[in-house]
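Just below is one structure, and these are the notes that go with it.
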Amino acid sequence: MSEVVLRAQLVGKSFDSGPAQVDVLRNVNLEVARGERLAVLGRSGSGKSTLLHILGGLDDPDVGEVWVGDKSLQTLSVAQRARLRNRSLGFIYQFHHLLPEFSALENVAMPLLLAGTPRAESFERAEKLLSTVGLDKRVSHRPHALSGGERQRVAVARALVTNPLLVLADEPTGNLDRQSADEVFDLMCSLSDQFGTSFLIVTHDESMLERTHRALRLVDGELQS
């Protein structure tokens, strides 16, 4: 039986909208296996980002529970949850969220430095990953000197530098042209295969489906096969 790296059980989330209550997520059940690439599709405003924030421990569900590995996020303190995110999860966003004052190398090394990894080891691991994603000649460049596709490659390397169980990606190619989007997504698939890392990708891009192992749709707050 495949190892389950993330599990959500009966997750629900609602928001107040004036006098009404909007159920953004309802009875969400989900499992992600080690090395699996899972796409969650849905239109804009369907709750995909809310789901990702809950799965990553950045927000709490109103009901239900989420496990990363064998840890229930709902039983952890804020500090424990932050440590779990740093060690077990990677994040990629539509907008790369790189720190503009730091080089590509420093941006990729940052999660390791924050975790207390020695500086020399952090930079060595970051440099190796930047070489893996084809940016060995751009390690000293700051984000403003990189193309959109290159910035997103840096973001992918940063998400993987801690060897996480799972990378959560929120529209990771949504801000790129078609060619750059295809290149970045192909890179994510290649790295998933190489490192055995699971990817959960929320997107509205149907073209990604042929390169994932499985796809679910978020419709009216519920996940459907």
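Chain labels follow the order of the structure tokens: the first chain is A, the next B, and so on; residue numbering restarts at 1 in every chain, and ligands are counted from 1 in their shown order.
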For Thr50 (chain A), please output as a PDB file with N, CA and C atoms, in the first residue's frame all residues within 10 Å (counting only C-alpha atoms; exclusion window: fewer than 4 positions along the same chain).
```pdb
ATOM      1  N   LYS A  13     -15.434  24.565   5.360  1.00  0.00           N
ATOM      2  CA  LYS A  13     -15.075  25.953   5.650  1.00  0.00           C
ATOM      3  C   LYS A  13     -16.156  26.872   5.101  1.00  0.00           C
ATOM      4  N   VAL A  24     -17.754  27.389   1.440  1.00  0.00           N
ATOM      5  CA  VAL A  24     -16.698  27.321   0.427  1.00  0.00           C
ATOM      6  C   VAL A  24     -16.237  25.884   0.232  1.00  0.00           C
ATOM      7  N   LEU A  25     -16.120  25.129   1.323  1.00  0.00           N
ATOM      8  CA  LEU A  25     -15.717  23.728   1.276  1.00  0.00           C
ATOM      9  C   LEU A  25     -16.705  22.910   2.095  1.00  0.00           C
ATOM     10  N   GLY A  45     -12.571  31.436  -7.841  1.00  0.00           N
ATOM     11  CA  GLY A  45     -13.528  31.647  -6.766  1.00  0.00           C
ATOM     12  C   GLY A  45     -14.191  30.385  -6.260  1.00  0.00           C
ATOM     13  N   SER A  46     -13.733  29.228  -6.733  1.00  0.00           N
ATOM     14  CA  SER A  46     -14.374  27.964  -6.331  1.00  0.00           C
ATOM     15  C   SER A  46     -13.890  27.458  -4.975  1.00  0.00           C
ATOM     16  N   ILE A  54      -5.729  25.488   3.866  1.00  0.00           N
ATOM     17  CA  ILE A  54      -6.090  24.577   4.958  1.00  0.00           C
ATOM     18  C   ILE A  54      -5.185  23.349   4.951  1.00  0.00           C
ATOM     19  N   LEU A  55      -4.933  22.787   3.769  1.00  0.00           N
ATOM     20  CA  LEU A  55      -4.068  21.610   3.676  1.00  0.00           C
ATOM     21  C   LEU A  55      -2.639  21.930   4.111  1.00  0.00           C
ATOM     22  N   GLY A  56      -2.219  23.168   3.894  1.00  0.00           N
ATOM     23  CA  GLY A  56      -0.870  23.572   4.282  1.00  0.00           C
ATOM     24  C   GLY A  56      -0.767  24.125   5.687  1.00  0.00           C
ATOM     25  N   LEU A  58      -2.061  26.813   6.854  1.00  0.00           N
ATOM     26  CA  LEU A  58      -2.062  28.276   6.888  1.00  0.00           C
ATOM     27  C   LEU A  58      -3.409  28.829   7.338  1.00  0.00           C
ATOM     28  N   ASP A  59      -4.417  27.992   7.346  1.00  0.00           N
ATOM     29  CA  ASP A  59      -5.761  28.356   7.800  1.00  0.00           C
ATOM     30  C   ASP A  59      -6.369  27.113   8.446  1.00  0.00           C
ATOM     31  N   ASP A  60      -7.363  27.306   9.280  1.00  0.00           N
ATOM     32  CA  ASP A  60      -8.023  26.190   9.951  1.00  0.00           C
ATOM     33  C   ASP A  60      -9.382  25.918   9.325  1.00  0.00           C
ATOM     34  N   PRO A  61      -9.763  24.661   9.196  1.00  0.00           N
ATOM     35  CA  PRO A  61     -11.130  24.347   8.767  1.00  0.00           C
ATOM     36  C   PRO A  61     -12.108  24.625   9.912  1.00  0.00           C
TER      37      PRO A  61
END
```
Checklist entry - Which residue out of A:Glu183, A:Asp23, A:Asp136, A:Asp62 has the minimum interatomic distance to Met208 (chain A) when only C-alpha atoms are used? => result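 Comparing A:Glu183, A:Asp23, A:Asp136, A:Asp62 against Met208 (chain A), the winner is A:Glu183.
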Next on the checklist: At a cut-off of 10 Å, using only C-alpha atoms, what residues contact Val78 (chain A)? Leave out same-chain residues fewer than 5 positions from it and give the result as a list in words.
Outcome noted: Gly57, Leu58, Leu73, Arg83 and Leu84 of chain A
Next on the checklist: I want to know what sits within 7 Å of Pro100 (chain A), based on only C-alpha atoms, with residues of the same chain fewer than 2 positions away left out; could you give that as a list of chain:residue names?
Outcome noted: A:Leu98, A:Phe102, A:Arg142, A:Pro143
Next on the checklist: Env of Gly64 (chain A): 7 Å cut, atoms = only C-alpha atoms, seq-sep filter 4 positions within chain, self excluded. Answer as a PyMOL selection string.
Outcome noted: chain A and resi 9-12
Expected file: the selected residues, N, CA and C atoms, as a PDB file, in the first residue's frame:
```
ATOM      1  N   GLN A   9      -9.995  14.860   6.065  1.00  0.00           N
ATOM      2  CA  GLN A   9     -11.210  14.104   6.359  1.00  0.00           C
ATOM      3  C   GLN A   9     -12.334  15.055   6.746  1.00  0.00           C
ATOM      4  N   LEU A  10     -13.383  15.035   5.941  1.00  0.00           N
ATOM      5  CA  LEU A  10     -14.626  15.782   6.210  1.00  0.00           C
ATOM      6  C   LEU A  10     -14.358  17.256   6.516  1.00  0.00           C
ATOM      7  N   VAL A  11     -13.484  17.862   5.709  1.00  0.00           N
ATOM      8  CA  VAL A  11     -13.109  19.258   5.911  1.00  0.00           C
ATOM      9  C   VAL A  11     -14.199  20.187   5.378  1.00  0.00           C
ATOM     10  N   GLY A  12     -14.545  21.179   6.178  1.00  0.00           N
ATOM     11  CA  GLY A  12     -15.519  22.176   5.763  1.00  0.00           C
ATOM     12  C   GLY A  12     -15.067  23.568   6.170  1.00  0.00           C
TER      13      GLY A  12
END
```
Checklist entry - Which residue, A:Arg125, A:Arg178, A:Arg81, A:His96, has the smallest gap to Gly148 (chain A) when you use only C-alpha atoms? => result A:His96
Item to check | Secondary structure check, alpha helix (DSSP H) residues of chain A, as a PyMOL selection string | outcome: chain A and resi 48-55+78-88+104-114+119-132+148-160+178-195
Just the selected residues (C-alpha atoms), exported as a compact mmCIF listing (two decimals), in the first residue's frame, please.
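Written out: again.txt:
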```
# COMPACT_ATOMS: atom_id res chain seq x y z
CA LYS A 48 -9.16 26.10 -4.50
CA SER A 49 -6.84 28.50 -2.68
CA THR A 50 -8.83 28.14 0.54
CA LEU A 51 -8.42 24.37 0.29
CA LEU A 52 -4.68 24.72 -0.27
CA HIS A 53 -4.28 27.05 2.71
CA ILE A 54 -6.09 24.58 4.96
CA LEU A 55 -4.07 21.61 3.68
CA VAL A 78 1.25 27.56 15.98
CA ALA A 79 5.00 27.02 16.44
CA GLN A 80 4.76 23.25 15.88
CA ARG A 81 2.72 23.81 12.73
CA ALA A 82 5.29 26.28 11.40
CA ARG A 83 8.09 23.76 11.96
CA LEU A 84 6.09 21.05 10.20
CA ARG A 85 5.48 23.34 7.22
CA ASN A 86 9.18 24.17 7.02
CA ARG A 87 10.30 20.53 7.12
CA SER A 88 7.53 18.61 5.36
CA ALA A 104 18.41 33.36 -6.46
CA LEU A 105 20.85 31.35 -4.33
CA GLU A 106 19.83 33.15 -1.14
CA ASN A 107 16.13 32.79 -1.91
CA VAL A 108 16.43 29.04 -2.41
CA ALA A 109 18.57 28.61 0.72
CA MET A 110 16.20 30.65 2.90
CA PRO A 111 13.97 27.76 4.14
CA LEU A 112 17.08 25.86 5.24
CA LEU A 113 18.56 28.89 6.98
CA LEU A 114 15.29 29.51 8.80
CA ARG A 119 25.01 28.38 6.18
CA ALA A 120 27.58 26.47 4.11
CA GLU A 121 25.33 23.40 3.85
CA SER A 122 22.29 25.55 3.03
CA PHE A 123 24.06 27.27 0.14
CA GLU A 124 25.56 24.04 -1.15
CA ARG A 125 22.14 22.37 -1.32
CA ALA A 126 20.57 25.47 -2.87
CA GLU A 127 23.27 25.69 -5.53
CA LYS A 128 22.81 22.04 -6.46
CA LEU A 129 19.07 22.51 -6.87
CA LEU A 130 19.50 25.64 -8.95
CA SER A 131 21.80 23.65 -11.22
CA THR A 132 19.16 20.90 -11.41
CA GLY A 148 9.24 35.16 -15.41
CA GLY A 149 10.01 31.54 -16.18
CA GLU A 150 13.37 31.76 -14.41
CA ARG A 151 11.79 33.31 -11.32
CA GLN A 152 9.30 30.46 -11.18
CA ARG A 153 12.13 27.93 -11.53
CA VAL A 154 13.75 29.54 -8.50
CA ALA A 155 10.43 29.21 -6.66
CA VAL A 156 10.28 25.51 -7.59
CA ALA A 157 13.83 24.99 -6.31
CA ARG A 158 12.99 26.81 -3.06
CA ALA A 159 9.95 24.58 -2.54
CA LEU A 160 12.08 21.45 -2.91
CA ARG A 178 2.27 29.12 -22.68
CA GLN A 179 5.82 28.08 -23.53
CA SER A 180 7.21 29.09 -20.13
CA ALA A 181 4.24 27.45 -18.38
CA ASP A 182 4.86 24.17 -20.20
CA GLU A 183 8.58 24.29 -19.38
CA VAL A 184 7.96 24.94 -15.68
CA PHE A 185 5.32 22.24 -15.42
CA ASP A 186 7.54 19.73 -17.23
CA LEU A 187 10.27 20.63 -14.75
CA MET A 188 7.94 20.02 -11.80
CA CYS A 189 7.00 16.60 -13.18
CA SER A 190 10.65 15.69 -13.75
CA LEU A 191 11.63 16.73 -10.22
CA SER A 192 8.66 14.86 -8.77
CA ASP A 193 9.90 11.69 -10.47
CA GLN A 194 13.53 12.33 -9.54
CA PHE A 195 12.99 13.04 -5.83
```
Checklist entry - A:Leu216, A:Leu223, A:Ala8, A:Ala33: which is nearest Leu166 (chain A), counting only C-alpha atoms? => result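 So, comparing all the options, the nearest one is A:Ala33.
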Next on the checklist: Under the rule that only C-alpha atoms are counted, which of A:Val4, A:Ala39, A:Ala20, A:Ser103 is the nearest residue to Lys71 (chain A)?
Outcome noted: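 Among the listed residues, A:Val4 lies closest to Lys71 (chain A).
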Item to check | For Glu171 (chain A): contacts at 6 Å, only C-alpha atoms, fewer than 2 positions along chain excluded, given as a ChimeraX atom specification | outcome: /A:94,173-174,202-203
